[in-house]
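The block underneath contains the structure these notes are about, expressed in structure tokens.
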Amino acid sequence: MSVKLAGDLQSGNVVIVEGNPLVVLKAQYNKSGRNAAVVKLRMKNLLTGRVSETVVKADEKMEQIILDKKECTYSYSAPPVHVFVDGDYNQYEIDAETMADVEKYLMPEMTDVVEVTFYESKPISVVFPKVIIREVEYTEPVTRGDTSGKITKAAVLKHSKYELQVSAFVEIGDKIEIDTETGEFRRRC
Amino acid sequence: MADHWDIFCRVIDNYGDIGVCWRLARQLHHELGIRVRLWIDQLDVLTHLCPQVRMNLGCQQVDGIEICQWETCSEETQPARVVIEAFACEIPGCYQRSLLSLHESQPNPPVVWINLEYLSAENWVSECHGLATPGSSTSLRKHFFFPGFTTETGGLLKEAGLRGQVRRYQQKFTSQSSQATPDLWARLVGKTGENQLPDSQKMPGELRVSLFCYQNPWIPRLLDYWSSRSAPTSLFVTHGLATNQVAKWCGYSLKAGDRRQIGALELLILPFLPPPAYDELLWSCDFNFVRGEDSFVRAQWANRPLIWQIYPQEDAAHHKKLEAFLSLYLRGFSNVEAVSEFWRLWNHIPPDRSWAHTSGIEDAWEKLLHFRQEWNRHSEEWADRLDRKSNLANNLEMFVRKIREETSSS
């Protein structure tokens with residue numbers, strides 16, 4: 001068991017709350033006022049499966065449990081689960097709901113090595129590398145002489161319906177880097 | 001029996017923390033009949049807002065509110081059943097233990113523990129409003145209550161009858177000669193016991209501006225400009241940082257009660273104004289420069305154009321907050337760019353590819369003047385729009401009732 005500040009929690013982390021192990025599905029950090037900040041957490045109780053939302057101060061200390069982790073690659077999806085494989089060809093089924101925040105990064109034949117976390121031998125979360133590369137399937141072309149002041153535009157990723165804001169110069173077919181912690185565009189490759 | 005609430009307030013800086021807490025305490029008591037005890041760590045700050053407060057008392061009753069100094073809180077303190085910690089201040093450990101003990105030993109009516117958060121127009125606020133933070137080992141949870149500008153948030157502080165009061169005041173003073181700046185000045189200064197009779201009359205085309213701000217390097221440029229314009233500007237300079245910066249520009253010291261004419265600019269140096277007098281100033285000016293949270297909200301109820309200097313935060317987090325408010329506030333307004341440009345300049349938001357300013361603060365100010373009438377109308381409409389949502393004190397009271405019902409039925 002270790003202590004982690006709420007502001008440092010990421011999806012996939014497991015914390016003990018009121019005696020129960022809860023996996024963080026989504027952590028949204030926001031500065032509230034002055035230099036205070038709060039974190040909205042969407043968490044799943046690993047014993048009951050119940051999902052709940054909560055808000056904590058970012059400097060709140062949380063008890064984190066360190067669980068077994070394995071490096072795996074994505075194999076296939078069979079809704080409502082996604083199947084991952086480790087280096088010894090063991091397969092692990094993970095609920096789509098558990099992956100809620102990172103499911104959008106899945107794509108066929110993806111080579112990203114993810115980290116699967118286990119609680120009592122059950123896979124409970126998937127953490128992607130900090131930066132992944134995906135291809136843009138669609139984005140509007142930039143209007144020449146556009147003086148509207150827009151600096152970003154929407155783009156949809158290939159093999160995914162995930163839409164994110166990218167720089168105006170990004171075009172269809174471009175490969176882009178995405179920060180998986182924030183879900184934001186980093187740069188064009 | 002009247003419900004009993006405790007409000008805890010730590011003064012970080014300035015008057016905003018206690019300003020909000022004092023208003024809230026008074027409204028809860030006078031309008032909702034709640035018995036309120038206000039805990040404050042710097043009583044001297046409250047004496048500015050409420051001169052009846054005595055520094056030598058640990059606990060005292062003022063205007064129906066029990067005011068207690070933070071350090072008098074002890075193991076013997078009987079906690080209230082509703083506890084508000086303002087702006088994420090941590091309530092004392094001894095009080096927390098007593099609160100937990102009360103919650104466990106006498107669960108009815110349930111204890112409600114609320115963290116009253118900062119004001120922001122950002123979207124995430126409505127998603128977090130009302131959520132509870134997990135407890136450690138007990139079922140007592142702290143709930144987050146976010147003030148805001150939409151019905152999905154906790155609303156804004158506003159006393160009953162405030163809108164009518166503002167309207168009556170503004171109607172009265174646009175139809176009477178007492179609208180003149182010297183009369184306003186005499187009233188404001190007189191209220192604090194430093195009356196100075198007016199010696200001039202209102203000038204045609206005069207622009208009346210109030211200045212309440214943090215440090216702002218634009219101030220000298222704006223003062224230069226106002227003093228060199230052909231039309232007169234009367235600048236009501238509030239006590240503290242605003243006066244200090246204006247004095248630096250003048251090159252000599254200024255004190256409350258001073259009136260100085262520099263070119264077309266008349267400087268009217270104010271003493272510290274208690275809240276009712278500051279409200280009157282806001283209602284009387286053509287433009288109000290405000291800062292932080294409390295004066296920012298009061299200026300929105302004043303039906304007049306306002307320029308907000310937001311509290312600066314680490315990592316420029318305040319830039320996002322300013323933009324979030326601008327996009328909400330300027331919805332339906334035809335001159336969005338001009339207001340946004342001035343606000344961004346005033347807050348030193350660096351130009352980027354999303355916005356650029358080609359002019360200085362002087363030109364930006366002139367642009368504002370071009371559509372002053374429309375901005376006036378918009379300010380009133382904005383206040384009406386806010387008024388249609390319930391106010392913060394009422395929302396808090398309803399929220400407490402909801403939590404109690406949920407706790408009792410679970």
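Ordering of the structure tokens sets the chain letters (A, B, ...); residue numbers start at 1 within each chain; ligands are numbered from 1 in the order shown.
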
I want to know what sits within 6 Å of Lys153 of chain A, based on only C-alpha atoms, with residues of the same chain fewer than 4 positions away left out; could you give that as a VMD selection string? chain A and resid 165 to 166 168

Return as a Markdown table the residues of chain A lying at most 9 Å from chain B, together with the closest atom-to-atom pair for each and the distance in Å to one decimal, counting only C-alpha atoms, with rows in chain order and ascending residue number.
| residue | atom | partner | partner_atom | distance |
| --- | --- | --- | --- | --- |
| A:Val17 | CA | B:Ser136 | CA | 6.6 |
| A:Glu18 | CA | B:Ser137 | CA | 4.9 |
| A:Gly19 | CA | B:Ser137 | CA | 7.1 |
| A:Gln28 | CA | B:Trp124 | CA | 8.9 |
| A:Asn30 | CA | B:Trp124 | CA | 7.8 |
| A:Lys31 | CA | B:Ala317 | CA | 6.7 |
| A:Ser32 | CA | B:Tyr118 | CA | 6.0 |
| A:Gly33 | CA | B:Tyr118 | CA | 5.3 |
| A:Arg34 | CA | B:Gln313 | CA | 5.6 |
| A:Asn35 | CA | B:Gln313 | CA | 5.8 |
| A:Ala36 | CA | B:Ala88 | CA | 7.8 |
| A:Val39 | CA | B:Cys128 | CA | 8.8 |
| A:Lys40 | CA | B:Cys128 | CA | 6.6 |
| A:Glu53 | CA | B:Leu131 | CA | 7.3 |
| A:Thr54 | CA | B:Thr133 | CA | 5.4 |
| A:Val55 | CA | B:Thr133 | CA | 5.1 |
| A:Val56 | CA | B:Thr133 | CA | 5.3 |
| A:Lys57 | CA | B:Ala88 | CA | 8.0 |
| A:Ser148 | CA | B:Ser354 | CA | 8.3 |
| A:Gly149 | CA | B:Ser354 | CA | 4.7 |
| A:Lys150 | CA | B:Ser354 | CA | 5.6 |
| A:Ile151 | CA | B:Ser354 | CA | 6.0 |

As an MDAnalysis selection string, please: the residues near segment 82-84 of chain A (cut-off 6 Å, only C-alpha atoms, same-chain neighbours under 6 positions excluded). chainID A and resid 73:76 91:94

For the strand (DSSP E) assignment from backbone DSSP, which residues of segment 1-170 of chain A qualify? Please present them as number ranges by chain. A: 2-5, 14-17, 20-31, 37-45, 51-57, 61-64, 68-78, 81-86, 91-95, 114-119, 122-127, 131-139, 152-157, 163-167

How far is it from atom CA of Glu362 of chain B to atom CA of Asn303 of chain B, in Å with one decimal? 24.1 Å

I'd like the neighbourhood of Glu75 of chain B as a list in words, where a residue qualifies if any of its atoms comes within 12 Å (using only C-alpha atoms), though same-chain residues fewer than 6 positions away should be ignored.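 Close residues of Glu75 of chain B: Pro92, Gly93, Cys94, Tyr95, Gln96, Arg97, Ser98, Leu99 and Ser101 of chain B.
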
Just list as an mmCIF file with C-alpha atoms, in the first residue's frame whatever in segment 143-275 of chain B DSSP marks as alpha helix (DSSP H).
data_model
loop_
_atom_site.group_PDB
_atom_site.id
_atom_site.type_symbol
_atom_site.label_atom_id
_atom_site.label_comp_id
_atom_site.auth_asym_id
_atom_site.auth_seq_id
_atom_site.Cartn_x
_atom_site.Cartn_y
_atom_site.Cartn_z
ATOM 1 C CA LEU B 162 -31.692 43.266 -4.618
ATOM 2 C CA ARG B 163 -32.819 43.600 -8.240
ATOM 3 C CA GLY B 164 -35.684 45.899 -7.284
ATOM 4 C CA GLN B 165 -33.375 47.940 -5.102
ATOM 5 C CA VAL B 166 -30.898 48.436 -7.955
ATOM 6 C CA ARG B 167 -33.645 49.398 -10.398
ATOM 7 C CA ARG B 168 -35.243 51.892 -8.031
ATOM 8 C CA TYR B 169 -31.865 53.462 -7.301
ATOM 9 C CA GLN B 170 -30.917 53.773 -10.942
ATOM 10 C CA GLN B 171 -34.326 55.156 -11.941
ATOM 11 C CA LYS B 172 -34.185 57.706 -9.148
ATOM 12 C CA PHE B 173 -30.703 58.899 -9.917
ATOM 13 C CA THR B 174 -31.168 59.212 -13.636
ATOM 14 C CA THR B 181 -20.626 62.940 -9.288
ATOM 15 C CA PRO B 182 -19.959 65.351 -6.399
ATOM 16 C CA ASP B 183 -23.174 64.255 -4.690
ATOM 17 C CA LEU B 184 -22.339 60.607 -5.106
ATOM 18 C CA TRP B 185 -18.880 61.341 -3.789
ATOM 19 C CA ALA B 186 -20.254 63.140 -0.733
ATOM 20 C CA ARG B 187 -22.617 60.278 0.010
ATOM 21 C CA LEU B 188 -19.912 57.650 -0.271
ATOM 22 C CA VAL B 189 -17.304 59.521 1.702
ATOM 23 C CA GLY B 190 -19.893 60.791 4.162
ATOM 24 C CA ILE B 219 -3.135 51.486 -15.124
ATOM 25 C CA PRO B 220 -0.625 54.288 -15.969
ATOM 26 C CA ARG B 221 -1.423 54.038 -19.696
ATOM 27 C CA LEU B 222 -5.147 54.200 -19.049
ATOM 28 C CA LEU B 223 -4.764 57.142 -16.655
ATOM 29 C CA ASP B 224 -2.593 58.981 -19.200
ATOM 30 C CA TYR B 225 -5.258 58.430 -21.767
ATOM 31 C CA TRP B 226 -8.205 59.459 -19.621
ATOM 32 C CA SER B 227 -6.409 62.607 -18.558
ATOM 33 C CA SER B 228 -5.709 63.583 -22.169
ATOM 34 C CA LEU B 241 -3.989 48.543 -4.344
ATOM 35 C CA ALA B 242 -5.938 50.789 -6.719
ATOM 36 C CA THR B 243 -5.120 53.938 -4.752
ATOM 37 C CA ASN B 244 -1.459 52.927 -4.431
ATOM 38 C CA GLN B 245 -1.080 52.462 -8.180
ATOM 39 C CA VAL B 246 -2.889 55.697 -9.008
ATOM 40 C CA ALA B 247 -0.718 57.547 -6.467
ATOM 41 C CA LYS B 248 2.393 56.143 -8.099
ATOM 42 C CA TRP B 249 1.199 57.452 -11.447
ATOM 43 C CA CYS B 250 0.478 60.889 -9.926
ATOM 44 C CA PRO B 275 -20.503 46.566 1.204
#

Quick one: everything within 6 Å of Phe8 of chain B, counting only C-alpha atoms, minus sequence neighbours fewer than 2 positions away in the same chain. Send it as a CSV table (one decimal) with C-alpha atoms, in the first residue's frame.
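Okay, out_37.csv is ready:
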chain,number,residue,atom,x,y,z
B,39,TRP,CA,-15.8,31.0,12.3
B,85,GLU,CA,-16.1,25.0,4.9
B,86,ALA,CA,-15.6,27.9,2.6

Out of A:Arg134, A:Lys69, A:His159, A:Lys175, which residue has the shortest atom-to-atom distance to Val114 of chain A when counting only C-alpha atoms?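 Once distances to Val114 of chain A are computed over only C-alpha atoms, the minimum belongs to A:Lys69.
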
Just how far from atom CA of Cys68 of chain B is atom CA of Arg37 of chain B, in Å to one decimal? 7.1 Å

Quick check, in Å to one decimal: how far apart do atom CA of Ser295 of chain B and atom CA of Gly16 of chain B lie?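 About the pair atom CA of Ser295 of chain B and atom CA of Gly16 of chain B: they are 7.9 Å apart.
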